[in-house]
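As stored in target_7.txt (compact mmCIF, N, CA and C atoms):
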```
# COMPACT_ATOMS: atom_id res chain seq x y z
N ILE P 1 94.61 -148.56 138.94
CA ILE P 1 95.69 -148.07 138.08
C ILE P 1 96.31 -149.27 137.37
N ALA P 2 96.61 -149.08 136.08
CA ALA P 2 97.25 -150.14 135.31
C ALA P 2 98.33 -149.55 134.42
N LYS P 3 99.49 -150.19 134.43
CA LYS P 3 100.61 -149.75 133.59
C LYS P 3 100.34 -150.16 132.15
N VAL P 4 100.51 -149.22 131.22
CA VAL P 4 100.36 -149.49 129.79
C VAL P 4 101.73 -149.82 129.19
N ASP P 5 102.71 -148.98 129.47
CA ASP P 5 104.09 -149.21 129.04
C ASP P 5 104.99 -148.42 129.97
N ASP P 6 106.27 -148.28 129.65
CA ASP P 6 107.20 -147.59 130.54
C ASP P 6 106.91 -146.11 130.69
N SER P 7 106.08 -145.55 129.83
CA SER P 7 105.80 -144.11 129.87
C SER P 7 104.35 -143.75 130.17
N HIS P 8 103.46 -144.75 130.27
CA HIS P 8 102.03 -144.45 130.41
C HIS P 8 101.33 -145.39 131.39
N PHE P 9 100.29 -144.87 132.04
CA PHE P 9 99.40 -145.71 132.82
C PHE P 9 97.98 -145.19 132.66
N ILE P 10 97.00 -146.03 133.02
CA ILE P 10 95.60 -145.64 132.98
C ILE P 10 95.03 -145.74 134.39
N SER P 11 94.06 -144.88 134.67
CA SER P 11 93.43 -144.89 135.98
C SER P 11 91.92 -144.75 135.83
N GLY P 12 91.20 -145.28 136.82
CA GLY P 12 89.75 -145.09 136.90
C GLY P 12 89.45 -144.25 138.12
N SER P 13 88.27 -143.62 138.14
CA SER P 13 88.02 -142.63 139.19
C SER P 13 86.57 -142.58 139.63
N ASP P 14 86.38 -141.92 140.78
CA ASP P 14 85.04 -141.64 141.28
C ASP P 14 84.26 -140.72 140.35
N ASP P 15 84.96 -139.99 139.49
CA ASP P 15 84.27 -139.07 138.56
C ASP P 15 83.72 -139.79 137.32
N ARG P 16 83.78 -141.14 137.31
CA ARG P 16 83.22 -142.00 136.26
C ARG P 16 84.05 -142.02 134.98
N THR P 17 85.29 -141.53 135.04
CA THR P 17 86.13 -141.51 133.85
C THR P 17 87.33 -142.43 133.99
N ILE P 18 87.95 -142.69 132.83
CA ILE P 18 89.21 -143.41 132.76
C ILE P 18 90.19 -142.43 132.13
N LYS P 19 91.37 -142.31 132.71
CA LYS P 19 92.35 -141.35 132.19
C LYS P 19 93.63 -142.06 131.82
N LEU P 20 94.23 -141.61 130.72
CA LEU P 20 95.52 -142.08 130.25
C LEU P 20 96.54 -141.02 130.61
N TRP P 21 97.60 -141.42 131.31
CA TRP P 21 98.60 -140.49 131.83
C TRP P 21 99.97 -140.75 131.24
N ASN P 22 100.75 -139.69 131.08
CA ASN P 22 102.16 -139.78 130.75
C ASN P 22 102.91 -139.75 132.07
N ILE P 23 103.64 -140.81 132.37
CA ILE P 23 104.35 -140.92 133.64
C ILE P 23 105.42 -139.85 133.79
N LEU P 24 106.16 -139.59 132.72
CA LEU P 24 107.28 -138.66 132.80
C LEU P 24 106.83 -137.21 132.97
N SER P 25 105.85 -136.79 132.18
CA SER P 25 105.41 -135.39 132.25
C SER P 25 104.31 -135.18 133.29
N LYS P 26 103.71 -136.27 133.77
CA LYS P 26 102.59 -136.23 134.73
C LYS P 26 101.35 -135.57 134.14
N ASP P 27 101.25 -135.58 132.80
CA ASP P 27 100.09 -134.99 132.12
C ASP P 27 99.05 -136.04 131.81
N CYS P 28 97.79 -135.66 131.89
CA CYS P 28 96.70 -136.49 131.41
C CYS P 28 96.63 -136.30 129.90
N ILE P 29 96.79 -137.39 129.16
CA ILE P 29 96.80 -137.34 127.70
C ILE P 29 95.39 -137.43 127.14
N ARG P 30 94.55 -138.22 127.78
CA ARG P 30 93.22 -138.46 127.25
C ARG P 30 92.29 -138.88 128.37
N THR P 31 91.04 -138.45 128.27
CA THR P 31 89.99 -138.87 129.20
C THR P 31 88.93 -139.63 128.43
N PHE P 32 88.61 -140.82 128.92
CA PHE P 32 87.58 -141.66 128.32
C PHE P 32 86.33 -141.60 129.21
N SER P 33 85.18 -141.43 128.61
CA SER P 33 83.92 -141.38 129.35
C SER P 33 82.99 -142.48 128.86
N GLY P 34 82.11 -142.92 129.74
CA GLY P 34 81.14 -143.93 129.35
C GLY P 34 80.47 -144.60 130.53
N HIS P 35 81.18 -144.73 131.65
CA HIS P 35 80.55 -145.30 132.84
C HIS P 35 79.61 -144.27 133.46
N THR P 36 78.59 -144.75 134.15
CA THR P 36 77.63 -143.85 134.79
C THR P 36 77.76 -143.85 136.30
N ASP P 37 78.79 -144.53 136.81
CA ASP P 37 79.06 -144.55 138.25
C ASP P 37 80.56 -144.73 138.44
N VAL P 38 81.00 -144.79 139.69
CA VAL P 38 82.41 -144.90 140.06
C VAL P 38 83.09 -146.06 139.31
N VAL P 39 84.28 -145.78 138.76
CA VAL P 39 85.09 -146.83 138.13
C VAL P 39 85.96 -147.45 139.21
N ARG P 40 85.73 -148.74 139.48
CA ARG P 40 86.40 -149.43 140.59
C ARG P 40 87.67 -150.15 140.20
N THR P 41 87.77 -150.59 138.94
CA THR P 41 88.90 -151.43 138.56
C THR P 41 89.28 -151.18 137.10
N VAL P 42 90.59 -151.24 136.85
CA VAL P 42 91.13 -151.03 135.50
C VAL P 42 92.18 -152.11 135.26
N MET P 43 92.17 -152.67 134.05
CA MET P 43 93.16 -153.68 133.68
C MET P 43 93.60 -153.41 132.25
N TYR P 44 94.90 -153.44 132.01
CA TYR P 44 95.42 -153.25 130.65
C TYR P 44 95.72 -154.61 130.04
N MET P 45 95.32 -154.80 128.79
CA MET P 45 95.57 -156.04 128.05
C MET P 45 96.46 -155.70 126.86
N PRO P 46 97.77 -156.01 126.93
CA PRO P 46 98.67 -155.66 125.83
C PRO P 46 98.29 -156.32 124.50
N THR P 47 97.77 -157.54 124.57
CA THR P 47 97.29 -158.18 123.36
C THR P 47 96.02 -157.48 122.94
N GLY P 48 96.05 -156.83 121.81
CA GLY P 48 94.89 -156.07 121.35
C GLY P 48 94.90 -154.63 121.81
N ASN P 49 95.86 -154.27 122.65
CA ASN P 49 95.98 -152.90 123.15
C ASN P 49 94.65 -152.37 123.67
N THR P 50 94.09 -153.08 124.63
CA THR P 50 92.79 -152.72 125.19
C THR P 50 92.86 -152.58 126.70
N ALA P 51 91.90 -151.86 127.23
CA ALA P 51 91.73 -151.73 128.68
C ALA P 51 90.35 -152.24 129.04
N LEU P 52 90.27 -152.93 130.17
CA LEU P 52 89.00 -153.37 130.73
C LEU P 52 88.73 -152.53 131.97
N THR P 53 87.50 -152.07 132.14
CA THR P 53 87.14 -151.31 133.33
C THR P 53 85.86 -151.87 133.92
N GLY P 54 85.78 -151.86 135.24
CA GLY P 54 84.58 -152.29 135.95
C GLY P 54 84.09 -151.17 136.83
N SER P 55 82.77 -151.07 136.98
CA SER P 55 82.20 -149.90 137.65
C SER P 55 81.04 -150.28 138.56
N ASP P 56 80.72 -149.33 139.44
CA ASP P 56 79.52 -149.48 140.27
C ASP P 56 78.24 -149.36 139.44
N ASP P 57 78.37 -149.02 138.15
CA ASP P 57 77.18 -149.01 137.29
C ASP P 57 76.84 -150.43 136.81
N ARG P 58 77.58 -151.42 137.36
CA ARG P 58 77.36 -152.85 137.11
C ARG P 58 77.75 -153.29 135.70
N SER P 59 78.69 -152.57 135.11
CA SER P 59 79.12 -152.95 133.76
C SER P 59 80.63 -153.10 133.70
N ILE P 60 81.06 -153.87 132.71
CA ILE P 60 82.46 -153.96 132.33
C ILE P 60 82.54 -153.39 130.93
N LYS P 61 83.51 -152.51 130.71
CA LYS P 61 83.68 -151.92 129.38
C LYS P 61 85.05 -152.31 128.85
N VAL P 62 85.11 -152.55 127.56
CA VAL P 62 86.34 -152.88 126.86
C VAL P 62 86.69 -151.69 125.98
N TRP P 63 87.82 -151.07 126.25
CA TRP P 63 88.23 -149.85 125.57
C TRP P 63 89.39 -150.14 124.63
N SER P 64 89.27 -149.76 123.38
CA SER P 64 90.37 -149.87 122.43
C SER P 64 91.31 -148.70 122.64
N LEU P 65 92.58 -148.99 122.87
CA LEU P 65 93.57 -147.93 123.03
C LEU P 65 94.40 -147.76 121.77
N ASN P 66 94.01 -148.39 120.67
CA ASN P 66 94.71 -148.20 119.41
C ASN P 66 94.62 -146.74 119.02
N GLY P 67 95.76 -146.13 118.78
CA GLY P 67 95.79 -144.71 118.45
C GLY P 67 95.39 -143.85 119.63
N PHE P 68 95.73 -144.28 120.86
CA PHE P 68 95.26 -143.53 122.03
C PHE P 68 95.88 -142.15 122.16
N PHE P 69 96.83 -141.82 121.32
CA PHE P 69 97.37 -140.46 121.34
C PHE P 69 96.57 -139.54 120.42
N SER P 70 95.61 -140.10 119.71
CA SER P 70 94.76 -139.29 118.83
C SER P 70 93.40 -139.10 119.49
N ASP P 71 92.46 -138.53 118.75
CA ASP P 71 91.12 -138.32 119.31
C ASP P 71 90.20 -139.49 119.03
N VAL P 72 90.76 -140.60 118.58
CA VAL P 72 89.95 -141.76 118.24
C VAL P 72 90.09 -142.81 119.34
N GLY P 73 89.00 -143.37 119.74
CA GLY P 73 88.97 -144.46 120.71
C GLY P 73 87.60 -145.08 120.64
N SER P 74 87.50 -146.32 121.00
CA SER P 74 86.19 -146.95 120.97
C SER P 74 86.01 -147.80 122.21
N ARG P 75 84.77 -148.17 122.46
CA ARG P 75 84.52 -149.03 123.61
C ARG P 75 83.38 -149.97 123.28
N LYS P 76 83.38 -151.11 123.97
CA LYS P 76 82.29 -152.06 123.88
C LYS P 76 81.76 -152.25 125.30
N ASP P 77 80.44 -152.30 125.42
CA ASP P 77 79.82 -152.47 126.72
C ASP P 77 79.37 -153.92 126.90
N THR P 78 79.41 -154.37 128.12
CA THR P 78 78.92 -155.70 128.44
C THR P 78 77.50 -155.60 128.98
N THR P 79 76.88 -156.73 129.10
CA THR P 79 75.59 -156.77 129.78
C THR P 79 75.81 -156.45 131.24
N SER P 80 74.91 -155.70 131.82
CA SER P 80 75.07 -155.30 133.21
C SER P 80 75.02 -156.49 134.15
N HIS P 81 75.85 -156.43 135.17
CA HIS P 81 75.84 -157.42 136.24
C HIS P 81 74.76 -157.04 137.24
N GLU P 82 74.41 -157.97 138.10
CA GLU P 82 73.39 -157.68 139.11
C GLU P 82 73.94 -156.85 140.25
N GLU P 83 75.25 -156.86 140.43
CA GLU P 83 75.91 -156.11 141.50
C GLU P 83 77.05 -155.28 140.91
N ASN P 84 77.67 -154.43 141.75
CA ASN P 84 78.80 -153.62 141.33
C ASN P 84 79.94 -154.52 140.87
N VAL P 85 80.72 -154.04 139.89
CA VAL P 85 81.90 -154.78 139.42
C VAL P 85 83.10 -154.19 140.16
N GLU P 86 83.75 -155.03 140.97
CA GLU P 86 84.84 -154.56 141.80
C GLU P 86 86.21 -155.01 141.34
N GLU P 87 86.24 -155.96 140.38
CA GLU P 87 87.54 -156.44 139.89
C GLU P 87 87.37 -157.03 138.50
N VAL P 88 88.35 -156.73 137.62
CA VAL P 88 88.40 -157.36 136.29
C VAL P 88 89.72 -158.07 136.14
```
Spit out the file's structure as structure tokens when you get a sec.
Amino acid sequence: IAKVDDSHFISGSDDRTIKLWNILSKDCIRTFSGHTDVVRTVMYMPTGNTALTGSDDRSIKVWSLNGFFSDVGSRKDTTSHEENVEEV
């Protein structure tokens, strides 16, 4: 889990997704898909408004959260690691 701002956080899950949540309403605002295995770690980077995620699929993904309240989002994939990614 990573705090985005005073009203939002992001989480990674065993279901291979990353979710953006509204803290006050407890609603999931957006679900990001792309990992093919359990998401183990999530980190928010305020510079660039991006999230980094690491997964048992041996990849780190960089997610753009610009306009994360809309249906637009993008991601960049890294080269796969030889082992699971447990921390970013």
With a distance cut-off of 8 Å and only N, CA and C atoms, select the neighbouring residues of range 18-35 of chain P, excluding the residue or stretch itself and same-chain residues fewer than 2 positions from it, and output the selection as a list of chain:residue names.
->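 Within the cut-off, the hits are P:Asp6, P:Ser7, P:His8, P:Phe9, P:Ile10, P:Ser11, P:Gly12, P:Ser13, P:Asp15, P:Arg16, P:Asp37, P:Val38, P:Val39, P:Gly54, P:Ser55, P:Asp56, P:Asp57, P:Ser59, P:Lys61, P:Phe68, P:Phe69, P:Ser70.
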Expected file contents, prior selection, N, CA and C atoms, as an mmCIF file, in the coordinates of the input:
```cif
data_model
loop_
_atom_site.group_PDB
_atom_site.id
_atom_site.type_symbol
_atom_site.label_atom_id
_atom_site.label_comp_id
_atom_site.auth_asym_id
_atom_site.auth_seq_id
_atom_site.Cartn_x
_atom_site.Cartn_y
_atom_site.Cartn_z
ATOM 1 N N ASP P 6 106.270 -148.280 129.650
ATOM 2 C CA ASP P 6 107.200 -147.590 130.540
ATOM 3 C C ASP P 6 106.910 -146.110 130.690
ATOM 4 N N SER P 7 106.080 -145.550 129.830
ATOM 5 C CA SER P 7 105.800 -144.110 129.870
ATOM 6 C C SER P 7 104.350 -143.750 130.170
ATOM 7 N N HIS P 8 103.460 -144.750 130.270
ATOM 8 C CA HIS P 8 102.030 -144.450 130.410
ATOM 9 C C HIS P 8 101.330 -145.390 131.390
ATOM 10 N N PHE P 9 100.290 -144.870 132.040
ATOM 11 C CA PHE P 9 99.400 -145.710 132.820
ATOM 12 C C PHE P 9 97.980 -145.190 132.660
ATOM 13 N N ILE P 10 97.000 -146.030 133.020
ATOM 14 C CA ILE P 10 95.600 -145.640 132.980
ATOM 15 C C ILE P 10 95.030 -145.740 134.390
ATOM 16 N N SER P 11 94.060 -144.880 134.670
ATOM 17 C CA SER P 11 93.430 -144.890 135.980
ATOM 18 C C SER P 11 91.920 -144.750 135.830
ATOM 19 N N GLY P 12 91.200 -145.280 136.820
ATOM 20 C CA GLY P 12 89.750 -145.090 136.900
ATOM 21 C C GLY P 12 89.450 -144.250 138.120
ATOM 22 N N SER P 13 88.270 -143.620 138.140
ATOM 23 C CA SER P 13 88.020 -142.630 139.190
ATOM 24 C C SER P 13 86.570 -142.580 139.630
ATOM 25 N N ASP P 15 84.960 -139.990 139.490
ATOM 26 C CA ASP P 15 84.270 -139.070 138.560
ATOM 27 C C ASP P 15 83.720 -139.790 137.320
ATOM 28 N N ARG P 16 83.780 -141.140 137.310
ATOM 29 C CA ARG P 16 83.220 -142.000 136.260
ATOM 30 C C ARG P 16 84.050 -142.020 134.980
ATOM 31 N N ASP P 37 78.790 -144.530 136.810
ATOM 32 C CA ASP P 37 79.060 -144.550 138.250
ATOM 33 C C ASP P 37 80.560 -144.730 138.440
ATOM 34 N N VAL P 38 81.000 -144.790 139.690
ATOM 35 C CA VAL P 38 82.410 -144.900 140.060
ATOM 36 C C VAL P 38 83.090 -146.060 139.310
ATOM 37 N N VAL P 39 84.280 -145.780 138.760
ATOM 38 C CA VAL P 39 85.090 -146.830 138.130
ATOM 39 C C VAL P 39 85.960 -147.450 139.210
ATOM 40 N N GLY P 54 85.780 -151.860 135.240
ATOM 41 C CA GLY P 54 84.580 -152.290 135.950
ATOM 42 C C GLY P 54 84.090 -151.170 136.830
ATOM 43 N N SER P 55 82.770 -151.070 136.980
ATOM 44 C CA SER P 55 82.200 -149.900 137.650
ATOM 45 C C SER P 55 81.040 -150.280 138.560
ATOM 46 N N ASP P 56 80.720 -149.330 139.440
ATOM 47 C CA ASP P 56 79.520 -149.480 140.270
ATOM 48 C C ASP P 56 78.240 -149.360 139.440
ATOM 49 N N ASP P 57 78.370 -149.020 138.150
ATOM 50 C CA ASP P 57 77.180 -149.010 137.290
ATOM 51 C C ASP P 57 76.840 -150.430 136.810
ATOM 52 N N SER P 59 78.690 -152.570 135.110
ATOM 53 C CA SER P 59 79.120 -152.950 133.760
ATOM 54 C C SER P 59 80.630 -153.100 133.700
ATOM 55 N N LYS P 61 83.510 -152.510 130.710
ATOM 56 C CA LYS P 61 83.680 -151.920 129.380
ATOM 57 C C LYS P 61 85.050 -152.310 128.850
ATOM 58 N N PHE P 68 95.730 -144.280 120.860
ATOM 59 C CA PHE P 68 95.260 -143.530 122.030
ATOM 60 C C PHE P 68 95.880 -142.150 122.160
ATOM 61 N N PHE P 69 96.830 -141.820 121.320
ATOM 62 C CA PHE P 69 97.370 -140.460 121.340
ATOM 63 C C PHE P 69 96.570 -139.540 120.420
ATOM 64 N N SER P 70 95.610 -140.100 119.710
ATOM 65 C CA SER P 70 94.760 -139.290 118.830
ATOM 66 C C SER P 70 93.400 -139.100 119.490
#
```
Quick one: everything within 7 Å of Asn49 in chain P, counting all atoms listed in the file, minus sequence neighbours fewer than 5 positions away in the same chain. Send it as number ranges by chain.
-> P: 44, 63-66
Looking only at the backbone, which of the residues in chain P does DSSP tag as strand (DSSP E or B), as a CSV table (one decimal) with N, CA and C atoms, keeping the file's coordinate frame?
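Contents of the output file selection-v1.csv:
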```csv
chain,number,residue,atom,x,y,z
P,2,ALA,N,96.6,-149.1,136.1
P,2,ALA,CA,97.2,-150.1,135.3
P,2,ALA,C,98.3,-149.6,134.4
P,3,LYS,N,99.5,-150.2,134.4
P,3,LYS,CA,100.6,-149.8,133.6
P,3,LYS,C,100.3,-150.2,132.2
P,4,VAL,N,100.5,-149.2,131.2
P,4,VAL,CA,100.4,-149.5,129.8
P,4,VAL,C,101.7,-149.8,129.2
P,5,ASP,N,102.7,-149.0,129.5
P,5,ASP,CA,104.1,-149.2,129.0
P,5,ASP,C,105.0,-148.4,130.0
P,8,HIS,N,103.5,-144.8,130.3
P,8,HIS,CA,102.0,-144.4,130.4
P,8,HIS,C,101.3,-145.4,131.4
P,9,PHE,N,100.3,-144.9,132.0
P,9,PHE,CA,99.4,-145.7,132.8
P,9,PHE,C,98.0,-145.2,132.7
P,10,ILE,N,97.0,-146.0,133.0
P,10,ILE,CA,95.6,-145.6,133.0
P,10,ILE,C,95.0,-145.7,134.4
P,11,SER,N,94.1,-144.9,134.7
P,11,SER,CA,93.4,-144.9,136.0
P,11,SER,C,91.9,-144.8,135.8
P,12,GLY,N,91.2,-145.3,136.8
P,12,GLY,CA,89.8,-145.1,136.9
P,12,GLY,C,89.4,-144.2,138.1
P,17,THR,N,85.3,-141.5,135.0
P,17,THR,CA,86.1,-141.5,133.8
P,17,THR,C,87.3,-142.4,134.0
P,18,ILE,N,88.0,-142.7,132.8
P,18,ILE,CA,89.2,-143.4,132.8
P,18,ILE,C,90.2,-142.4,132.1
P,19,LYS,N,91.4,-142.3,132.7
P,19,LYS,CA,92.4,-141.4,132.2
P,19,LYS,C,93.6,-142.1,131.8
P,20,LEU,N,94.2,-141.6,130.7
P,20,LEU,CA,95.5,-142.1,130.2
P,20,LEU,C,96.5,-141.0,130.6
P,21,TRP,N,97.6,-141.4,131.3
P,21,TRP,CA,98.6,-140.5,131.8
P,21,TRP,C,100.0,-140.8,131.2
P,22,ASN,N,100.8,-139.7,131.1
P,22,ASN,CA,102.2,-139.8,130.8
P,22,ASN,C,102.9,-139.8,132.1
P,28,CYS,N,97.8,-135.7,131.9
P,28,CYS,CA,96.7,-136.5,131.4
P,28,CYS,C,96.6,-136.3,129.9
P,29,ILE,N,96.8,-137.4,129.2
P,29,ILE,CA,96.8,-137.3,127.7
P,29,ILE,C,95.4,-137.4,127.1
P,30,ARG,N,94.6,-138.2,127.8
P,30,ARG,CA,93.2,-138.5,127.2
P,30,ARG,C,92.3,-138.9,128.4
P,31,THR,N,91.0,-138.4,128.3
P,31,THR,CA,90.0,-138.9,129.2
P,31,THR,C,88.9,-139.6,128.4
P,32,PHE,N,88.6,-140.8,128.9
P,32,PHE,CA,87.6,-141.7,128.3
P,32,PHE,C,86.3,-141.6,129.2
P,33,SER,N,85.2,-141.4,128.6
P,33,SER,CA,83.9,-141.4,129.4
P,33,SER,C,83.0,-142.5,128.9
P,39,VAL,N,84.3,-145.8,138.8
P,39,VAL,CA,85.1,-146.8,138.1
P,39,VAL,C,86.0,-147.4,139.2
P,40,ARG,N,85.7,-148.7,139.5
P,40,ARG,CA,86.4,-149.4,140.6
P,40,ARG,C,87.7,-150.2,140.2
P,41,THR,N,87.8,-150.6,138.9
P,41,THR,CA,88.9,-151.4,138.6
P,41,THR,C,89.3,-151.2,137.1
P,42,VAL,N,90.6,-151.2,136.8
P,42,VAL,CA,91.1,-151.0,135.5
P,42,VAL,C,92.2,-152.1,135.3
P,43,MET,N,92.2,-152.7,134.0
P,43,MET,CA,93.2,-153.7,133.7
P,43,MET,C,93.6,-153.4,132.2
P,44,TYR,N,94.9,-153.4,132.0
P,44,TYR,CA,95.4,-153.2,130.6
P,44,TYR,C,95.7,-154.6,130.0
P,45,MET,N,95.3,-154.8,128.8
P,45,MET,CA,95.6,-156.0,128.0
P,45,MET,C,96.5,-155.7,126.9
P,50,THR,N,94.1,-153.1,124.6
P,50,THR,CA,92.8,-152.7,125.2
P,50,THR,C,92.9,-152.6,126.7
P,51,ALA,N,91.9,-151.9,127.2
P,51,ALA,CA,91.7,-151.7,128.7
P,51,ALA,C,90.4,-152.2,129.0
P,52,LEU,N,90.3,-152.9,130.2
P,52,LEU,CA,89.0,-153.4,130.7
P,52,LEU,C,88.7,-152.5,132.0
P,53,THR,N,87.5,-152.1,132.1
P,53,THR,CA,87.1,-151.3,133.3
P,53,THR,C,85.9,-151.9,133.9
P,54,GLY,N,85.8,-151.9,135.2
P,54,GLY,CA,84.6,-152.3,136.0
P,54,GLY,C,84.1,-151.2,136.8
P,55,SER,N,82.8,-151.1,137.0
P,55,SER,CA,82.2,-149.9,137.6
P,55,SER,C,81.0,-150.3,138.6
P,60,ILE,N,81.1,-153.9,132.7
P,60,ILE,CA,82.5,-154.0,132.3
P,60,ILE,C,82.5,-153.4,130.9
P,61,LYS,N,83.5,-152.5,130.7
P,61,LYS,CA,83.7,-151.9,129.4
P,61,LYS,C,85.0,-152.3,128.8
P,62,VAL,N,85.1,-152.6,127.6
P,62,VAL,CA,86.3,-152.9,126.9
P,62,VAL,C,86.7,-151.7,126.0
P,63,TRP,N,87.8,-151.1,126.2
P,63,TRP,CA,88.2,-149.8,125.6
P,63,TRP,C,89.4,-150.1,124.6
P,64,SER,N,89.3,-149.8,123.4
P,64,SER,CA,90.4,-149.9,122.4
P,64,SER,C,91.3,-148.7,122.6
P,74,SER,N,87.5,-146.3,121.0
P,74,SER,CA,86.2,-147.0,121.0
P,74,SER,C,86.0,-147.8,122.2
P,75,ARG,N,84.8,-148.2,122.5
P,75,ARG,CA,84.5,-149.0,123.6
P,75,ARG,C,83.4,-150.0,123.3
P,76,LYS,N,83.4,-151.1,124.0
P,76,LYS,CA,82.3,-152.1,123.9
P,76,LYS,C,81.8,-152.2,125.3
P,77,ASP,N,80.4,-152.3,125.4
P,77,ASP,CA,79.8,-152.5,126.7
P,77,ASP,C,79.4,-153.9,126.9
```
Shortest interatomic distance to Ile1 in chain P - which of P:Thr41, P:Thr53, P:Asn84, P:Thr47, counting only N, CA and C atoms = P:Thr41
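Across the structure, CA of Ile60 in chain P and atom C of Asp5 in chain P are spaced 23.3 Å apart.
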Report the distance between atom C of Val85 in chain P and atom C of Asp14 in chain P in Å, rounded to one decimal place.
-> 13.5 Å
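The two atoms in question, atom C of Lys3 in chain P and atom N of Ala51 in chain P, are spaced 9.9 Å apart.
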Reconstruct range 44-50 of chain P at the level of all heavy atoms, and format the result as a short mmCIF file (atom, residue, chain, number, x, y, z; two decimals), in the frame of the given file.
```
data_model
loop_
_atom_site.label_atom_id
_atom_site.label_comp_id
_atom_site.auth_asym_id
_atom_site.auth_seq_id
_atom_site.Cartn_x
_atom_site.Cartn_y
_atom_site.Cartn_z
N TYR P 44 94.90 -153.44 132.01
CA TYR P 44 95.42 -153.25 130.65
C TYR P 44 95.72 -154.61 130.04
O TYR P 44 96.32 -155.47 130.69
CB TYR P 44 96.68 -152.39 130.66
CG TYR P 44 97.30 -152.25 129.29
CD1 TYR P 44 96.64 -151.54 128.30
CD2 TYR P 44 98.50 -152.85 129.00
CE1 TYR P 44 97.18 -151.42 127.03
CE2 TYR P 44 99.06 -152.74 127.73
CZ TYR P 44 98.39 -152.03 126.76
OH TYR P 44 98.93 -151.91 125.50
N MET P 45 95.32 -154.80 128.79
CA MET P 45 95.57 -156.04 128.05
C MET P 45 96.46 -155.70 126.86
O MET P 45 95.98 -155.13 125.88
CB MET P 45 94.25 -156.63 127.55
CG MET P 45 93.22 -156.87 128.63
SD MET P 45 93.55 -158.30 129.64
CE MET P 45 93.36 -159.58 128.44
N PRO P 46 97.77 -156.01 126.93
CA PRO P 46 98.67 -155.66 125.83
C PRO P 46 98.29 -156.32 124.50
O PRO P 46 98.45 -155.73 123.45
CB PRO P 46 100.05 -156.10 126.31
CG PRO P 46 99.84 -156.94 127.50
CD PRO P 46 98.47 -156.68 128.02
N THR P 47 97.77 -157.54 124.57
CA THR P 47 97.29 -158.18 123.36
C THR P 47 96.02 -157.48 122.94
O THR P 47 95.04 -157.49 123.66
CB THR P 47 97.02 -159.68 123.60
OG1 THR P 47 98.19 -160.27 124.12
CG2 THR P 47 96.60 -160.37 122.32
N GLY P 48 96.05 -156.83 121.81
CA GLY P 48 94.89 -156.07 121.35
C GLY P 48 94.90 -154.63 121.81
O GLY P 48 94.04 -153.85 121.42
N ASN P 49 95.86 -154.27 122.65
CA ASN P 49 95.98 -152.90 123.15
C ASN P 49 94.65 -152.37 123.67
O ASN P 49 94.13 -151.36 123.21
CB ASN P 49 96.56 -151.99 122.05
CG ASN P 49 97.10 -150.70 122.60
OD1 ASN P 49 97.53 -150.63 123.75
ND2 ASN P 49 97.08 -149.66 121.80
N THR P 50 94.09 -153.08 124.63
CA THR P 50 92.79 -152.72 125.19
C THR P 50 92.86 -152.58 126.70
O THR P 50 93.76 -153.10 127.35
CB THR P 50 91.72 -153.78 124.85
OG1 THR P 50 92.16 -155.05 125.33
CG2 THR P 50 91.45 -153.87 123.37
#
```
